[in-house]
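Q: Below you'll find final33.pdb; it's PDB, C-alpha atoms, pLDDT in the B column.
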MODEL        1
ATOM      1  CA  MET A   1       0.954 -35.122  28.014  1.00 80.00           C
ATOM      2  CA  PRO A   2      -2.506 -33.617  28.581  1.00 90.00           C
ATOM      3  CA  TRP A   3      -4.800 -33.043  25.594  1.00 91.00           C
ATOM      4  CA  PHE A   4      -4.969 -29.265  26.115  1.00 91.00           C
ATOM      5  CA  ALA A   5      -1.171 -29.035  25.709  1.00 94.00           C
ATOM      6  CA  TRP A   6      -1.568 -30.597  22.260  1.00 94.00           C
ATOM      7  CA  LEU A   7      -4.296 -28.062  21.486  1.00 94.00           C
ATOM      8  CA  LEU A   8      -1.958 -25.222  22.449  1.00 95.00           C
ATOM      9  CA  ALA A   9       0.748 -26.714  20.236  1.00 95.00           C
ATOM     10  CA  ALA A  10      -1.770 -26.986  17.372  1.00 95.00           C
ATOM     11  CA  ALA A  11      -2.786 -23.355  17.846  1.00 95.00           C
ATOM     12  CA  ALA A  12       0.842 -22.200  17.853  1.00 96.00           C
ATOM     13  CA  LEU A  13       1.568 -24.204  14.709  1.00 95.00           C
ATOM     14  CA  GLY A  14      -1.581 -22.798  13.104  1.00 94.00           C
ATOM     15  CA  VAL A  15      -0.382 -19.252  13.806  1.00 95.00           C
ATOM     16  CA  ALA A  16       3.023 -20.120  12.331  1.00 95.00           C
ATOM     17  CA  GLU A  17       1.269 -21.436   9.201  1.00 93.00           C
ATOM     18  CA  PHE A  18      -0.732 -18.228   8.947  1.00 94.00           C
ATOM     19  CA  PHE A  19       2.458 -16.207   8.731  1.00 94.00           C
ATOM     20  CA  THR A  20       4.509 -18.555   6.514  1.00 93.00           C
ATOM     21  CA  LEU A  21       1.876 -20.116   4.186  1.00 88.00           C
ATOM     22  CA  THR A  22       4.087 -23.150   3.533  1.00 87.00           C
ATOM     23  CA  LEU A  23       1.489 -25.850   4.289  1.00 89.00           C
ATOM     24  CA  VAL A  24       4.019 -27.464   6.630  1.00 93.00           C
ATOM     25  CA  PHE A  25       3.018 -25.886   9.931  1.00 94.00           C
ATOM     26  CA  GLY A  26      -0.669 -26.319   9.125  1.00 93.00           C
ATOM     27  CA  LEU A  27      -0.252 -30.043   8.563  1.00 93.00           C
ATOM     28  CA  LEU A  28       1.780 -30.318  11.756  1.00 94.00           C
ATOM     29  CA  ALA A  29      -1.025 -28.472  13.546  1.00 96.00           C
ATOM     30  CA  GLY A  30      -3.424 -31.115  12.219  1.00 95.00           C
ATOM     31  CA  ALA A  31      -1.107 -33.819  13.525  1.00 95.00           C
ATOM     32  CA  ALA A  32      -1.100 -32.107  16.943  1.00 96.00           C
ATOM     33  CA  LEU A  33      -4.912 -32.168  16.864  1.00 95.00           C
ATOM     34  CA  VAL A  34      -4.790 -35.917  16.204  1.00 96.00           C
ATOM     35  CA  ALA A  35      -2.457 -36.265  19.199  1.00 96.00           C
ATOM     36  CA  ALA A  36      -4.897 -34.202  21.290  1.00 95.00           C
ATOM     37  CA  VAL A  37      -7.742 -36.553  20.391  1.00 95.00           C
ATOM     38  CA  VAL A  38      -5.590 -39.576  21.208  1.00 95.00           C
ATOM     39  CA  ALA A  39      -4.619 -37.974  24.537  1.00 95.00           C
ATOM     40  CA  GLY A  40      -8.271 -37.175  25.239  1.00 93.00           C
ATOM     41  CA  VAL A  41      -9.204 -40.824  24.753  1.00 94.00           C
ATOM     42  CA  GLY A  42      -6.674 -41.741  27.432  1.00 92.00           C
ATOM     43  CA  VAL A  43      -3.742 -43.198  25.481  1.00 94.00           C
ATOM     44  CA  GLY A  44      -0.327 -42.724  27.045  1.00 93.00           C
ATOM     45  CA  LEU A  45       2.487 -40.428  25.921  1.00 93.00           C
ATOM     46  CA  LEU A  46       4.102 -43.042  23.660  1.00 95.00           C
ATOM     47  CA  GLY A  47       0.799 -43.575  21.814  1.00 94.00           C
ATOM     48  CA  GLN A  48       0.319 -39.819  21.503  1.00 94.00           C
ATOM     49  CA  LEU A  49       3.800 -39.402  19.987  1.00 95.00           C
ATOM     50  CA  ILE A  50       3.182 -42.288  17.582  1.00 96.00           C
ATOM     51  CA  ALA A  51      -0.141 -40.728  16.524  1.00 95.00           C
ATOM     52  CA  LEU A  52       1.571 -37.356  16.103  1.00 95.00           C
ATOM     53  CA  GLY A  53       4.340 -38.896  13.990  1.00 96.00           C
ATOM     54  CA  LEU A  54       2.008 -40.927  11.790  1.00 96.00           C
ATOM     55  CA  ALA A  55      -0.319 -37.978  11.179  1.00 95.00           C
ATOM     56  CA  ALA A  56       2.621 -35.672  10.431  1.00 95.00           C
ATOM     57  CA  VAL A  57       4.220 -38.110   7.988  1.00 95.00           C
ATOM     58  CA  ALA A  58       0.882 -38.791   6.291  1.00 94.00           C
ATOM     59  CA  GLY A  59       0.169 -35.090   5.957  1.00 91.00           C
ATOM     60  CA  LEU A  60       3.592 -34.098   4.699  1.00 91.00           C
ATOM     61  CA  ALA A  61       4.070 -37.080   2.415  1.00 94.00           C
ATOM     62  CA  LEU A  62       0.543 -37.445   1.027  1.00 92.00           C
ATOM     63  CA  VAL A  63      -1.466 -34.251   1.457  1.00 90.00           C
ATOM     64  CA  ARG A  64       1.138 -31.527   0.887  1.00 89.00           C
ATOM     65  CA  PRO A  65       2.275 -32.638  -2.610  1.00 91.00           C
ATOM     66  CA  VAL A  66      -1.334 -32.903  -3.785  1.00 91.00           C
ATOM     67  CA  ALA A  67      -2.200 -29.496  -2.318  1.00 88.00           C
ATOM     68  CA  LEU A  68       0.848 -27.849  -3.901  1.00 88.00           C
ATOM     69  CA  ARG A  69      -0.035 -29.382  -7.278  1.00 89.00           C
ATOM     70  CA  GLN A  70      -3.583 -28.031  -7.032  1.00 87.00           C
ATOM     71  CA  ILE A  71      -2.376 -24.559  -6.084  1.00 85.00           C
ATOM     72  CA  ALA A  72       0.046 -24.445  -9.027  1.00 87.00           C
ATOM     73  CA  GLN A  73      -2.553 -25.388 -11.652  1.00 84.00           C
ATOM     74  CA  VAL A  74      -3.814 -22.737 -14.027  1.00 79.00           C
ATOM     75  CA  PRO A  75      -7.597 -22.303 -13.766  1.00 72.00           C
ATOM     76  CA  LEU A  76      -9.518 -24.034 -16.555  1.00 74.00           C
ATOM     77  CA  THR A  77     -11.972 -21.194 -17.011  1.00 76.00           C
ATOM     78  CA  VAL A  78     -11.089 -17.710 -18.128  1.00 75.00           C
ATOM     79  CA  GLU A  79     -13.231 -14.927 -16.712  1.00 78.00           C
ATOM     80  CA  GLY A  80     -13.923 -11.272 -17.333  1.00 82.00           C
ATOM     81  CA  SER A  81     -12.408  -9.442 -20.255  1.00 83.00           C
ATOM     82  CA  ASP A  82      -9.722 -12.129 -20.634  1.00 83.00           C
ATOM     83  CA  ALA A  83     -12.452 -14.454 -21.915  1.00 86.00           C
ATOM     84  CA  LEU A  84     -12.925 -12.150 -24.932  1.00 89.00           C
ATOM     85  CA  ILE A  85      -9.377 -12.565 -26.225  1.00 92.00           C
ATOM     86  CA  GLY A  86      -9.407 -14.666 -29.372  1.00 91.00           C
ATOM     87  CA  LYS A  87     -13.113 -14.032 -30.084  1.00 93.00           C
ATOM     88  CA  ARG A  88     -14.407 -12.918 -33.459  1.00 95.00           C
ATOM     89  CA  ALA A  89     -16.081  -9.517 -33.798  1.00 95.00           C
ATOM     90  CA  GLU A  90     -17.612  -7.360 -36.524  1.00 95.00           C
ATOM     91  CA  VAL A  91     -16.546  -3.805 -37.230  1.00 95.00           C
ATOM     92  CA  VAL A  92     -19.428  -1.347 -36.706  1.00 96.00           C
ATOM     93  CA  GLN A  93     -17.415   1.848 -37.182  1.00 95.00           C
ATOM     94  CA  GLU A  94     -14.106   2.049 -39.052  1.00 95.00           C
ATOM     95  CA  VAL A  95     -11.202   0.922 -36.838  1.00 95.00           C
ATOM     96  CA  THR A  96      -7.884   2.770 -36.949  1.00 94.00           C
ATOM     97  CA  ALA A  97      -4.859   2.935 -34.677  1.00 91.00           C
ATOM     98  CA  THR A  98      -6.665   5.359 -32.352  1.00 92.00           C
ATOM     99  CA  HIS A  99     -10.402   4.669 -32.511  1.00 92.00           C
ATOM    100  CA  GLY A 100     -13.203   2.501 -33.845  1.00 95.00           C
ATOM    101  CA  LEU A 101     -16.202   0.432 -32.764  1.00 96.00           C
ATOM    102  CA  ILE A 102     -16.860  -3.314 -32.961  1.00 96.00           C
ATOM    103  CA  LYS A 103     -19.705  -5.656 -32.027  1.00 95.00           C
ATOM    104  CA  LEU A 104     -18.235  -8.287 -29.710  1.00 92.00           C
ATOM    105  CA  SER A 105     -20.321 -10.973 -27.978  1.00 87.00           C
ATOM    106  CA  GLY A 106     -23.484  -8.962 -28.567  1.00 90.00           C
ATOM    107  CA  GLU A 107     -22.066  -5.724 -27.144  1.00 91.00           C
ATOM    108  CA  GLU A 108     -20.452  -2.711 -28.758  1.00 94.00           C
ATOM    109  CA  TRP A 109     -16.840  -2.146 -27.753  1.00 93.00           C
ATOM    110  CA  SER A 110     -14.443   0.637 -28.559  1.00 95.00           C
ATOM    111  CA  ALA A 111     -11.577  -0.733 -30.588  1.00 96.00           C
ATOM    112  CA  ARG A 112      -8.255   0.100 -32.129  1.00 95.00           C
ATOM    113  CA  ALA A 113      -6.164  -1.709 -34.707  1.00 94.00           C
ATOM    114  CA  PHE A 114      -3.352  -3.988 -33.574  1.00 93.00           C
ATOM    115  CA  ASP A 115      -1.304  -2.813 -36.559  1.00 89.00           C
ATOM    116  CA  GLU A 116      -1.125   0.990 -36.268  1.00 87.00           C
ATOM    117  CA  ALA A 117      -0.839   1.465 -40.047  1.00 89.00           C
ATOM    118  CA  GLN A 118      -4.017  -0.467 -40.743  1.00 90.00           C
ATOM    119  CA  VAL A 119      -7.546   0.853 -41.320  1.00 91.00           C
ATOM    120  CA  ILE A 120     -10.281  -1.771 -40.981  1.00 93.00           C
ATOM    121  CA  PRO A 121     -13.537  -0.980 -42.819  1.00 93.00           C
ATOM    122  CA  VAL A 122     -17.119  -1.358 -41.560  1.00 94.00           C
ATOM    123  CA  GLY A 123     -18.458  -4.918 -41.840  1.00 92.00           C
ATOM    124  CA  ALA A 124     -15.053  -6.607 -41.671  1.00 93.00           C
ATOM    125  CA  LEU A 125     -14.539  -9.526 -39.325  1.00 94.00           C
ATOM    126  CA  VAL A 126     -11.741  -9.142 -36.804  1.00 95.00           C
ATOM    127  CA  ASP A 127     -10.106 -11.195 -34.069  1.00 95.00           C
ATOM    128  CA  VAL A 128      -9.617  -9.706 -30.603  1.00 95.00           C
ATOM    129  CA  MET A 129      -5.896  -9.830 -29.834  1.00 95.00           C
ATOM    130  CA  GLU A 130      -6.050  -8.206 -26.378  1.00 93.00           C
ATOM    131  CA  ILE A 131      -8.185  -6.038 -24.147  1.00 93.00           C
ATOM    132  CA  ASP A 132      -6.611  -2.741 -23.096  1.00 91.00           C
ATOM    133  CA  GLY A 133      -8.861  -1.245 -20.416  1.00 90.00           C
ATOM    134  CA  ALA A 134     -12.226  -0.832 -22.148  1.00 89.00           C
ATOM    135  CA  THR A 135     -10.761  -1.010 -25.645  1.00 94.00           C
ATOM    136  CA  ALA A 136     -10.410  -4.146 -27.754  1.00 94.00           C
ATOM    137  CA  VAL A 137      -7.230  -4.371 -29.788  1.00 95.00           C
ATOM    138  CA  VAL A 138      -8.190  -6.142 -33.013  1.00 95.00           C
ATOM    139  CA  TYR A 139      -6.635  -7.619 -36.138  1.00 94.00           C
ATOM    140  CA  PRO A 140      -8.597  -8.313 -39.346  1.00 93.00           C
ATOM    141  CA  ARG A 141      -9.332 -11.882 -40.400  1.00 89.00           C
ATOM    142  CA  GLU A 142      -8.666 -10.879 -44.018  1.00 81.00           C
ATOM    143  CA  LEU A 143      -6.035  -8.455 -45.246  1.00 73.00           C
ATOM    144  CA  PHE A 144      -7.284  -5.321 -47.020  1.00 64.00           C
ATOM    145  CA  PRO A 145      -5.500  -3.450 -49.813  1.00 58.00           C
TER     146      PRO A 145
ENDMDL
END
Please go through the file and, once you have read it, give me the structure as structure tokens.
A:
Amino acid sequence: MPWFAWLLAAAALGVAEFFTLTLVFGLLAGAALVAAVVAGVGVGLLGQLIALGLAAVAGLALVRPVALRQIAQVPLTVEGSDALIGKRAEVVQEVTATHGLIKLSGEEWSARAFDEAQVIPVGALVDVMEIDGATAVVYPRELFP
């Protein structure tokens, strides 16, 4: 089989991978590229099929499980406002269920109390429970009377 036929097969498998995103067709496209190289060197059809089979088995048995494991992992770093959850802050303006102001990571943030019945006084230390838009939802580190 001529090398350009393997390239066409690789391109078709690459397009199939683009639409399915299963990592199967992409690895088979890589195997077809290996067969194209083998055909380009001048090896016969049997050698091309053996190269195709070995590359396909290696890709599907070795590469795909590792790639799927990497895709499924949760990122180790947390970015953006999610990184502020769990941080300690200081109340700058009294925090109630509807409004307030805290100093969080060197910046002033609007805040509201996690417990709607709670009023957190100025100077109290709070923990950020969640970020709701541009507002930090906080809970005091110490309970107040």
Q: Determine the nearest neighbour of Leu52 in chain A from the options A:Gly40, A:Pro140, A:Pro121, A:Gly30, counting only C-alpha atoms.
A: A:Gly30
Q: Name all residues at most 6 Å from Asp127 in chain A (count all atoms listed in the file; drop same-chain ones fewer than 5 positions away) and give them as an NGL selection string.
A: :A and (86-88 or 138-139)
Q: Let me know the residues the PyMOL selection byres ((chain A and resi 131) around 12) catches in the file above, as a PyMOL selection string.
A: chain A and resi 80-87+104+109-114+127-130+132-138
Q: Show which residues sit within 10 Å of Ala9 in chain A, as JSON, numbers by chain. Count all atoms listed in the file, and ignore same-chain residues fewer than 4 positions away.
A: {"A": [3, 4, 5, 13, 14, 15, 28, 29, 31, 32, 33, 36]}
Q: For the file shown, report as number ranges by chain the outcome of the PyMOL selection byres ((chain A and resi 60-74) around 12) at residue level.
A: A: 21-31, 53-59, 75-78
Q: For a test of reading the model, state the distance in Å between CA of Leu49 in chain A and CA of Ala16 in chain A, rounded to one decimal.
A: 20.8 Å
Q: Which value, in Å to one decimal, gives the distance between CA of Glu94 in chain A and CA of Val119 in chain A?
A: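 So the two atoms, CA of Glu94 in chain A and CA of Val119 in chain A, lie 7.0 Å apart.
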Q: Taking only C-alpha atoms into account, name the residue in A:Glu17, A:Gln48, A:Glu142, A:Val38 that is nearest to Leu125 in chain A.
A: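 Answer, going by the shortest atom-to-atom distance: A:Glu142.
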Q: Just the number, please: distance in Å from CA of Val34 in chain A to CA of Ala12 in chain A, one decimal.
A: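 Spanning CA of Val34 in chain A to CA of Ala12 in chain A is a straight-line distance of 14.9 Å.
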Q: Hey, could you pull the box centre and edge lengths for range 5-22 of chain A, axis-aligned, 4 Å padding per side, all listed atoms, to one decimal in Å, as AutoDock Vina command-line options?
A:
--center_x 0.1 --center_y -23.4 --center_z 14.6 --size_x 16.8 --size_y 22.4 --size_z 30.2
Q: Any chance you could resolve the PyMOL selection byres ((chain A and resi 102) around 6) against this file and give the residues as a list in words?
A: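 Going through the file, the PyMOL selection byres ((chain A and resi 102) around 6) ends up selecting Glu90, Val91, Val92, Leu101, Lys103, Glu108 and Trp109 of chain A.
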Q: When you count all atoms listed in the file, which of these residues is closest to Gly47 in chain A: A:Met1, A:Ala11, A:Ile120, A:Ser105?
A: A:Met1
